[in-house]
Structure formats: C-alpha cells, structure tokens
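Chemist: Pasting protein.pdb below, which is PDB, C-alpha atoms.
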ATOM      1  CA  MET W   1      -4.494   3.195   1.994  1.00  0.00           C
ATOM      2  CA  ALA W   2      -7.461   4.253  -0.116  1.00  0.00           C
ATOM      3  CA  ASP W   3      -8.825   3.574  -3.583  1.00  0.00           C
ATOM      4  CA  SER W   4      -8.656   7.129  -4.874  1.00  0.00           C
ATOM      5  CA  PRO W   5      -8.321   8.573  -8.390  1.00  0.00           C
ATOM      6  CA  THR W   6      -6.105  11.291  -6.913  1.00  0.00           C
ATOM      7  CA  GLY W   7      -3.721   8.783  -5.391  1.00  0.00           C
ATOM      8  CA  GLN W   8      -4.197  10.380  -1.956  1.00  0.00           C
ATOM      9  CA  CYS W   9      -4.025   7.803   0.819  1.00  0.00           C
ATOM     10  CA  SER W  10      -4.823   7.896   4.499  1.00  0.00           C
ATOM     11  CA  ALA W  11      -1.930   7.944   6.941  1.00  0.00           C
ATOM     12  CA  ASP W  12      -4.292   6.861   9.732  1.00  0.00           C
ATOM     13  CA  TYR W  13      -5.355   3.330   8.696  1.00  0.00           C
ATOM     14  CA  LEU W  14      -4.105   0.037   7.331  1.00  0.00           C
ATOM     15  CA  PHE W  15      -6.534  -2.633   6.116  1.00  0.00           C
ATOM     16  CA  SER W  16      -6.073  -6.334   5.489  1.00  0.00           C
ATOM     17  CA  PRO W  17      -8.988  -7.979   3.635  1.00  0.00           C
ATOM     18  CA  ALA W  18     -10.579 -11.054   5.153  1.00  0.00           C
ATOM     19  CA  TYR W  19     -13.193 -13.577   4.062  1.00  0.00           C
ATOM     20  CA  GLY W  20     -16.082 -11.939   2.217  1.00  0.00           C
ATOM     21  CA  MET W  21     -14.605  -8.475   1.585  1.00  0.00           C
ATOM     22  CA  ALA W  22     -17.128  -6.452  -0.411  1.00  0.00           C
ATOM     23  CA  LEU W  23     -16.157  -4.941  -3.736  1.00  0.00           C
ATOM     24  CA  THR W  24     -18.422  -2.608  -5.689  1.00  0.00           C
ATOM     25  CA  GLN W  25     -18.574  -2.635  -9.462  1.00  0.00           C
ATOM     26  CA  ILE W  26     -18.247   1.018 -10.482  1.00  0.00           C
ATOM     27  CA  SER W  27     -20.344   0.522 -13.629  1.00  0.00           C
ATOM     28  CA  THR W  28     -23.335  -1.026 -11.827  1.00  0.00           C
ATOM     29  CA  GLY W  29     -22.934  -0.090  -8.166  1.00  0.00           C
ATOM     30  CA  ILE W  30     -23.571  -3.741  -7.265  1.00  0.00           C
ATOM     31  CA  GLN W  31     -21.632  -5.164  -4.332  1.00  0.00           C
ATOM     32  CA  ASN W  32     -20.137  -8.634  -4.450  1.00  0.00           C
ATOM     33  CA  TYR W  33     -18.335 -10.428  -1.642  1.00  0.00           C
ATOM     34  CA  VAL W  34     -14.980 -11.693  -2.854  1.00  0.00           C
ATOM     35  CA  ASN W  35     -13.236 -14.368  -0.798  1.00  0.00           C
ATOM     36  CA  PHE W  36      -9.689 -12.970  -0.706  1.00  0.00           C
ATOM     37  CA  TYR W  37      -8.799 -14.971   2.382  1.00  0.00           C
ATOM     38  CA  ASN W  38     -10.753 -17.219   4.681  1.00  0.00           C
ATOM     39  CA  PHE W  39      -9.459 -16.301   8.122  1.00  0.00           C
ATOM     40  CA  SER W  40     -10.968 -18.476  10.846  1.00  0.00           C
ATOM     41  CA  TRP W  41      -8.112 -19.207  13.261  1.00  0.00           C
ATOM     42  CA  GLY W  42      -4.911 -17.264  13.690  1.00  0.00           C
ATOM     43  CA  VAL W  43      -2.834 -14.623  15.410  1.00  0.00           C
ATOM     44  CA  ILE W  44      -1.695 -11.040  14.878  1.00  0.00           C
ATOM     45  CA  ARG W  45       1.754 -10.195  16.223  1.00  0.00           C
ATOM     46  CA  ILE W  46       2.282  -6.490  16.872  1.00  0.00           C
ATOM     47  CA  LYS W  47       5.073  -4.316  18.143  1.00  0.00           C
ATOM     48  CA  VAL W  48       3.002  -1.862  20.172  1.00  0.00           C
ATOM     49  CA  PRO W  49       3.703   1.832  19.510  1.00  0.00           C
ATOM     50  CA  ALA W  50       4.130   4.387  22.275  1.00  0.00           C
ATOM     51  CA  VAL W  51       0.857   6.291  22.763  1.00  0.00           C
ATOM     52  CA  PHE W  52      -0.433   9.068  25.008  1.00  0.00           C
ATOM     53  CA  ASN W  53      -2.213   7.802  28.136  1.00  0.00           C
ATOM     54  CA  SER W  54      -4.405  10.582  29.511  1.00  0.00           C
ATOM     55  CA  ALA W  55      -5.283   8.494  32.576  1.00  0.00           C
ATOM     56  CA  VAL W  56      -1.774   8.637  34.027  1.00  0.00           C
ATOM     57  CA  GLU W  57       0.126  11.354  32.132  1.00  0.00           C
ATOM     58  CA  GLU W  58      -0.326  14.971  33.144  1.00  0.00           C
ATOM     59  CA  VAL W  59       1.831  16.434  30.380  1.00  0.00           C
ATOM     60  CA  TYR W  60       1.456  15.685  26.684  1.00  0.00           C
ATOM     61  CA  GLN W  61       4.938  15.003  25.321  1.00  0.00           C
ATOM     62  CA  GLY W  62       4.232  15.569  21.616  1.00  0.00           C
ATOM     63  CA  SER W  63       5.234  13.407  18.677  1.00  0.00           C
ATOM     64  CA  TRP W  64       8.383  11.309  18.699  1.00  0.00           C
ATOM     65  CA  SER W  65      11.333  12.654  16.694  1.00  0.00           C
ATOM     66  CA  ASP W  66      15.123  12.614  16.759  1.00  0.00           C
ATOM     67  CA  SER W  67      14.943  15.706  18.954  1.00  0.00           C
ATOM     68  CA  ASN W  68      12.051  14.439  21.143  1.00  0.00           C
ATOM     69  CA  PHE W  69      12.797  10.906  22.274  1.00  0.00           C
ATOM     70  CA  GLY W  70      10.151  11.134  24.983  1.00  0.00           C
ATOM     71  CA  GLY W  71       7.375  11.756  22.448  1.00  0.00           C
ATOM     72  CA  TYR W  72       4.716   9.377  21.162  1.00  0.00           C
ATOM     73  CA  ASP W  73       4.845   7.258  18.028  1.00  0.00           C
ATOM     74  CA  VAL W  74       1.126   7.834  17.567  1.00  0.00           C
ATOM     75  CA  ASN W  75      -1.632   9.372  19.680  1.00  0.00           C
ATOM     76  CA  TYR W  76      -3.883   6.290  19.442  1.00  0.00           C
ATOM     77  CA  PHE W  77      -3.520   2.788  17.997  1.00  0.00           C
ATOM     78  CA  SER W  78      -6.047  -0.028  17.718  1.00  0.00           C
ATOM     79  CA  VAL W  79      -6.743  -3.335  15.987  1.00  0.00           C
ATOM     80  CA  SER W  80     -10.272  -4.220  14.889  1.00  0.00           C
ATOM     81  CA  ALA W  81     -11.892  -7.264  13.284  1.00  0.00           C
ATOM     82  CA  ASN W  82     -14.651  -5.773  11.141  1.00  0.00           C
ATOM     83  CA  THR W  83     -17.872  -7.386   9.964  1.00  0.00           C
ATOM     84  CA  ALA W  84     -19.030  -7.027   6.367  1.00  0.00           C
ATOM     85  CA  LYS W  85     -22.232  -5.133   5.667  1.00  0.00           C
ATOM     86  CA  ASP W  86     -25.297  -7.398   5.519  1.00  0.00           C
ATOM     87  CA  LEU W  87     -23.404 -10.330   7.029  1.00  0.00           C
ATOM     88  CA  PRO W  88     -24.177 -11.585  10.568  1.00  0.00           C
ATOM     89  CA  ASP W  89     -22.813  -9.451  13.408  1.00  0.00           C
ATOM     90  CA  PRO W  90     -21.085 -11.649  16.009  1.00  0.00           C
ATOM     91  CA  SER W  91     -22.195  -9.234  18.785  1.00  0.00           C
ATOM     92  CA  LEU W  92     -18.797  -9.360  20.454  1.00  0.00           C
ATOM     93  CA  PRO W  93     -16.204  -6.678  21.299  1.00  0.00           C
ATOM     94  CA  PHE W  94     -14.196  -6.261  18.115  1.00  0.00           C
ATOM     95  CA  THR W  95     -11.408  -3.787  18.977  1.00  0.00           C
ATOM     96  CA  VAL W  96      -8.338  -3.692  21.210  1.00  0.00           C
ATOM     97  CA  ASN W  97      -6.154  -0.603  21.588  1.00  0.00           C
ATOM     98  CA  ALA W  98      -2.528   0.058  22.435  1.00  0.00           C
ATOM     99  CA  LEU W  99      -3.151   0.715  26.130  1.00  0.00           C
ATOM    100  CA  MET W 100      -4.957  -2.637  26.426  1.00  0.00           C
ATOM    101  CA  LEU W 101      -2.067  -4.360  24.649  1.00  0.00           C
ATOM    102  CA  GLN W 102       0.500  -2.668  26.919  1.00  0.00           C
ATOM    103  CA  ALA W 103      -1.248  -3.640  30.160  1.00  0.00           C
ATOM    104  CA  GLY W 104       0.455  -5.931  32.665  1.00  0.00           C
ATOM    105  CA  GLY W 105       0.981  -9.458  31.378  1.00  0.00           C
ATOM    106  CA  MET W 106       0.032  -8.578  27.776  1.00  0.00           C
ATOM    107  CA  MET W 107       3.394  -7.581  26.287  1.00  0.00           C
ATOM    108  CA  THR W 108       6.766  -9.295  26.014  1.00  0.00           C
ATOM    109  CA  ALA W 109      10.028  -7.700  27.132  1.00  0.00           C
ATOM    110  CA  GLU W 110      10.665  -6.907  23.462  1.00  0.00           C
ATOM    111  CA  GLY W 111       7.445  -4.859  23.263  1.00  0.00           C
ATOM    112  CA  MET W 112       5.459  -7.447  21.297  1.00  0.00           C
ATOM    113  CA  SER W 113       1.761  -8.174  21.880  1.00  0.00           C
ATOM    114  CA  TYR W 114      -0.563 -10.746  20.351  1.00  0.00           C
ATOM    115  CA  VAL W 115      -4.196 -10.711  19.242  1.00  0.00           C
ATOM    116  CA  LEU W 116      -5.830 -14.058  18.500  1.00  0.00           C
ATOM    117  CA  PHE W 117      -8.817 -14.578  16.231  1.00  0.00           C
ATOM    118  CA  ALA W 118     -11.217 -17.517  16.080  1.00  0.00           C
ATOM    119  CA  PRO W 119     -14.717 -18.345  14.787  1.00  0.00           C
ATOM    120  CA  SER W 120     -17.339 -16.173  16.485  1.00  0.00           C
ATOM    121  CA  GLU W 121     -19.194 -19.106  18.046  1.00  0.00           C
ATOM    122  CA  VAL W 122     -15.946 -20.229  19.689  1.00  0.00           C
ATOM    123  CA  VAL W 123     -15.204 -16.742  21.046  1.00  0.00           C
ATOM    124  CA  HIS W 124     -18.768 -16.563  22.407  1.00  0.00           C
ATOM    125  CA  SER W 125     -18.058 -19.705  24.430  1.00  0.00           C
ATOM    126  CA  ILE W 126     -15.448 -17.890  26.566  1.00  0.00           C
ATOM    127  CA  ALA W 127     -16.788 -14.317  26.454  1.00  0.00           C
ATOM    128  CA  ARG W 128     -18.432 -12.806  29.518  1.00  0.00           C
ATOM    129  CA  ALA W 129     -22.023 -11.692  29.079  1.00  0.00           C
ATOM    130  CA  ASN W 130     -22.380  -7.975  28.264  1.00  0.00           C
ATOM    131  CA  SER W 131     -18.626  -7.419  28.505  1.00  0.00           C
ATOM    132  CA  THR W 132     -17.141  -4.565  26.490  1.00  0.00           C
ATOM    133  CA  VAL W 133     -13.695  -6.189  26.561  1.00  0.00           C
ATOM    134  CA  PRO W 134     -12.715  -9.237  24.468  1.00  0.00           C
ATOM    135  CA  PRO W 135     -11.819 -12.455  26.316  1.00  0.00           C
ATOM    136  CA  LYS W 136      -8.170 -13.363  26.895  1.00  0.00           C
ATOM    137  CA  LEU W 137      -6.070 -16.517  26.704  1.00  0.00           C
ATOM    138  CA  PHE W 138      -2.626 -17.322  28.080  1.00  0.00           C
ATOM    139  CA  LEU W 139       0.037 -18.131  25.481  1.00  0.00           C
ATOM    140  CA  PRO W 140       2.302 -20.687  27.184  1.00  0.00           C
ATOM    141  CA  ARG W 141       5.150 -20.567  24.650  1.00  0.00           C
ATOM    142  CA  VAL W 142       5.358 -16.776  24.778  1.00  0.00           C
ATOM    143  CA  GLY W 143       4.453 -16.230  28.419  1.00  0.00           C
ATOM    144  CA  VAL W 144       1.882 -13.456  27.947  1.00  0.00           C
ATOM    145  CA  MET W 145      -1.885 -13.097  27.662  1.00  0.00           C
ATOM    146  CA  ALA W 146      -3.622 -12.331  24.356  1.00  0.00           C
ATOM    147  CA  TYR W 147      -7.052 -10.931  23.536  1.00  0.00           C
ATOM    148  CA  VAL W 148      -9.308 -13.084  21.356  1.00  0.00           C
ATOM    149  CA  LEU W 149     -11.430 -11.458  18.636  1.00  0.00           C
ATOM    150  CA  ALA W 150     -14.022 -13.045  16.407  1.00  0.00           C
ATOM    151  CA  ALA W 151     -12.506 -13.648  12.971  1.00  0.00           C
ATOM    152  CA  PRO W 152     -13.573 -10.816  10.659  1.00  0.00           C
ATOM    153  CA  SER W 153     -15.937 -11.251   7.735  1.00  0.00           C
ATOM    154  CA  TYR W 154     -14.723  -8.019   6.109  1.00  0.00           C
ATOM    155  CA  ALA W 155     -11.249  -6.866   7.114  1.00  0.00           C
ATOM    156  CA  PHE W 156      -8.718  -6.342   9.848  1.00  0.00           C
ATOM    157  CA  MET W 157      -8.371  -2.614  10.470  1.00  0.00           C
ATOM    158  CA  PHE W 158      -5.348  -1.019  12.122  1.00  0.00           C
ATOM    159  CA  ARG W 159      -5.973   2.567  13.192  1.00  0.00           C
ATOM    160  CA  TYR W 160      -3.113   5.028  13.700  1.00  0.00           C
ATOM    161  CA  LYS W 161      -4.371   8.387  14.959  1.00  0.00           C
ATOM    162  CA  GLU W 162      -1.959  11.244  14.230  1.00  0.00           C
ATOM    163  CA  PRO W 163       1.249   9.229  13.811  1.00  0.00           C
ATOM    164  CA  SER W 164       4.582  11.006  14.119  1.00  0.00           C
ATOM    165  CA  ASP W 165       5.998  12.108  10.779  1.00  0.00           C
ATOM    166  CA  ASP W 166       9.348  10.663  11.850  1.00  0.00           C
ATOM    167  CA  TRP W 167       8.067   7.286  13.075  1.00  0.00           C
ATOM    168  CA  SER W 168       9.085   4.397  10.813  1.00  0.00           C
ATOM    169  CA  GLY W 169       5.870   2.490  11.620  1.00  0.00           C
ATOM    170  CA  SER W 170       3.537   5.125  10.159  1.00  0.00           C
ATOM    171  CA  PRO W 171       1.155   3.976   7.370  1.00  0.00           C
ATOM    172  CA  SER W 172       2.433   6.938   5.355  1.00  0.00           C
ATOM    173  CA  ASN W 173       5.559   4.841   4.716  1.00  0.00           C
ATOM    174  CA  VAL W 174       3.505   2.380   2.641  1.00  0.00           C
ATOM    175  CA  PRO W 175       3.516   3.510  -1.027  1.00  0.00           C
ATOM    176  CA  CYS W 176       0.242   5.184  -1.990  1.00  0.00           C
ATOM    177  CA  MET W 177      -1.533   3.804  -5.068  1.00  0.00           C
ATOM    178  CA  SER W 178      -4.463   5.179  -7.043  1.00  0.00           C
ATOM    179  CA  THR W 179      -6.379   1.992  -7.863  1.00  0.00           C
ATOM    180  CA  LEU W 180      -7.492  -1.091  -5.975  1.00  0.00           C
ATOM    181  CA  MET W 181      -5.436  -3.417  -8.143  1.00  0.00           C
ATOM    182  CA  GLU W 182      -2.285  -1.383  -7.515  1.00  0.00           C
ATOM    183  CA  MET W 183      -3.046  -1.203  -3.793  1.00  0.00           C
ATOM    184  CA  ASN W 184      -3.201  -4.991  -3.563  1.00  0.00           C
ATOM    185  CA  ALA W 185       0.459  -5.013  -4.615  1.00  0.00           C
ATOM    186  CA  SER W 186       1.390  -2.207  -2.188  1.00  0.00           C
ATOM    187  CA  VAL W 187       1.727  -3.919   1.150  1.00  0.00           C
ATOM    188  CA  ALA W 188       2.587  -3.048   4.719  1.00  0.00           C
ATOM    189  CA  ASN W 189       5.443  -5.402   5.469  1.00  0.00           C
ATOM    190  CA  CYS W 190       8.958  -5.451   6.867  1.00  0.00           C
ATOM    191  CA  THR W 191      10.217  -3.605   3.806  1.00  0.00           C
ATOM    192  CA  THR W 192       7.862  -0.651   4.227  1.00  0.00           C
ATOM    193  CA  LEU W 193       7.345  -0.604   8.028  1.00  0.00           C
ATOM    194  CA  GLY W 194      10.279  -2.570   9.426  1.00  0.00           C
ATOM    195  CA  ASN W 195       9.534  -4.453  12.646  1.00  0.00           C
ATOM    196  CA  TRP W 196       6.474  -2.227  13.206  1.00  0.00           C
ATOM    197  CA  ALA W 197       4.544  -4.088  10.497  1.00  0.00           C
ATOM    198  CA  PRO W 198       1.604  -6.065  11.964  1.00  0.00           C
ATOM    199  CA  GLN W 199       2.063  -9.767  11.183  1.00  0.00           C
ATOM    200  CA  ILE W 200      -1.153 -11.711  10.537  1.00  0.00           C
ATOM    201  CA  THR W 201      -0.762 -15.492  10.524  1.00  0.00           C
ATOM    202  CA  ARG W 202      -3.575 -17.858   9.573  1.00  0.00           C
ATOM    203  CA  LEU W 203      -3.415 -21.172  11.444  1.00  0.00           C
ATOM    204  CA  ASP W 204      -5.452 -23.695   9.486  1.00  0.00           C
ATOM    205  CA  GLU W 205      -4.182 -26.675  11.445  1.00  0.00           C
ATOM    206  CA  VAL W 206      -5.770 -25.675  14.776  1.00  0.00           C
ATOM    207  CA  GLY W 207      -9.321 -26.610  15.731  1.00  0.00           C
ATOM    208  CA  ASN W 208      -9.865 -25.242  19.238  1.00  0.00           C
ATOM    209  CA  LEU W 209      -8.728 -22.431  21.507  1.00  0.00           C
ATOM    210  CA  GLN W 210      -6.162 -24.474  23.408  1.00  0.00           C
ATOM    211  CA  GLU W 211      -4.488 -25.547  20.176  1.00  0.00           C
ATOM    212  CA  LEU W 212      -4.565 -21.927  19.026  1.00  0.00           C
ATOM    213  CA  ALA W 213      -2.883 -20.675  22.203  1.00  0.00           C
ATOM    214  CA  ASP W 214      -0.309 -23.494  22.177  1.00  0.00           C
ATOM    215  CA  SER W 215       0.660 -22.805  18.550  1.00  0.00           C
ATOM    216  CA  VAL W 216       1.765 -19.192  19.097  1.00  0.00           C
ATOM    217  CA  LYS W 217       5.514 -18.836  19.509  1.00  0.00           C
TER     218      LYS W 217
END
Please, can you express the file's structure as structure tokens?
Modeler:
Amino acid sequence: MADSPTGQCSADYLFSPAYGMALTQISTGIQNYVNFYNFSWGVIRIKVPAVFNSAVEEVYQGSWSDSNFGGYDVNYFSVSANTAKDLPDPSLPFTVNALMLQAGGMMTAEGMSYVLFAPSEVVHSIARANSTVPPKLFLPRVGVMAYVLAAPSYAFMFRYKEPSDDWSGSPSNVPCMSTLMEMNASVANCTTLGNWAPQITRLDEVGNLQELADSVK
C-alpha cells in the first residue's frame, strides 16, 4: 500500500506500523514519530508462499495459476523489522525470507512458520557475533524453530516480489486507498488475504525469551 494522490498502490509490499513510525506533515515537511503500537515482544504467524529456489531448481516454473499448479505464488517473499530513521540501529540481522522459513524444522505440516520479535538487547544476548542470520528458538507447543528479530522501531515490512496475479495472498487483493487515513482502515486480514494474511500478535505478558517461546501455540 502507498500514500498516493493517484490511488496507485504497490502490489509488492505490505507494511504494519510499529512503535515510533514517522509521519511527515505535508505543510511543514517536519517529521514526527507517532506511537501507533509499542511492539516489544510477540510473534508473526505466516503461511509461507511457494517461491522459486534457484539453488536447487533448474527450470523456472512460472507463476501459479489454475492452469499451472506447479508455479510459484511469488518469486521472493521476506519479513523485515525496520528501524526508524534517526533512531538507534540494533545492528542485528533484520530480515528472514521464504526459503529460510521453509528450511527443515522451521515449518509445520500445515505450511505455517513463525517469526518472533523481542527487545534488541535481548536478541543481542543470543545472537552470534558477526552473523548475517537471526538467532532461532524452539517453540515447544508448535514443535518447530522460529527466527528471532529485534522488535522494529518503524514498521514490519512484508515483501512480495512479482506475486502471481491469481494468488489469493497477493497484496493487490488489499483495497488500494489514496490517503494515509483511508489506508489505516484498509487492512490485510483474513477478509482480504484469507489464510495467507500475516498474523502479528503482541505478547505483553511475557518478559523473557523462554516465556516468549512457550507462549506460541
């Protein structure tokens, strides 16, 4: 989605604002950080789309459609926890992609994967030095591993590169609005994206990583 006077929206991204999302006053150009949500601890539950894996596939199968069941929902998918401009950078890996989420031990039999988020200082405590991959935790009630990202200070960003026109999980299925106020009422949920909608759950009652992992079900 995009704040655009033409009402043209991107079919490649979905955003969910987090603590400190910056808004710019058009009349003055001054940025202010507005606390839409204060995400510190929580989980994102995702049904992972089928993507092209150039490391193992020799033939590109094209986009999924009713006449091409072997095609891909999207060519690339990722989840990122983004830092607001001028706010401290946690200096941690901030993105996981579909291939990482589909790896062994990361996805349930139903095709669901999980991404945890926690305060940056907590994630630092389990992150490997100079690693380009986020740390992982085991989710005992689900039986899979989950990557742990530092909670964003700007927004969660879901990237969908070249989604199939026929795929029900495409961001193009979310109604496009021309203003920010209208966009806040136009949401990616089960109505617009079915079971492909990413589900972000804030868990205020947890206070450490073990409690976070144990709470996911």
Chemist: Quick one: of W:Thr191, W:Gln102, W:Ser120, W:Ser67, who's nearest to Phe39 of chain W, counting all atoms listed in the file?
Modeler: W:Ser120
Chemist: Can you pull out the residues contacting Glu211 of chain W? Cut-off 12 Å, using all atoms listed in the file, and skip same-chain residues under 2 positions away; I want them as a PyMOL selection string.
Modeler: chain W and resi 41-42+116+118+137-141+203-209+213-216
Chemist: Pick the closest to Ala18 of chain W from W:Pro198, W:Gly105, W:Pro163, W:Pro152: which is it, counting all atoms listed in the file?
Modeler: W:Pro152
Chemist: Using Å and a single decimal, report how far atom CA of Arg45 of chain W sits from atom CA of Phe69 of chain W.
Modeler: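 Distance between the two atoms: 24.6 Å.
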Chemist: Would you mind reading off the distance between atom CA of Thr179 of chain W and atom CA of Ser78 of chain W, one decimal, in Å?
Modeler: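 Going from atom CA of Thr179 of chain W over to atom CA of Ser78 of chain W covers 25.7 Å.
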Chemist: Run the PyMOL selection byres ((chain W and resi 91) around 12) on the file and write out the hits as a ChimeraX atom specification.
Modeler: /W:81-83,87-90,92-94,120-121,123-124,127-134,149-150,152
Chemist: Quick check, in Å to one decimal: how far apart do atom CA of Asp66 of chain W and atom CA of Gly111 of chain W lie?
Modeler: 20.2 Å
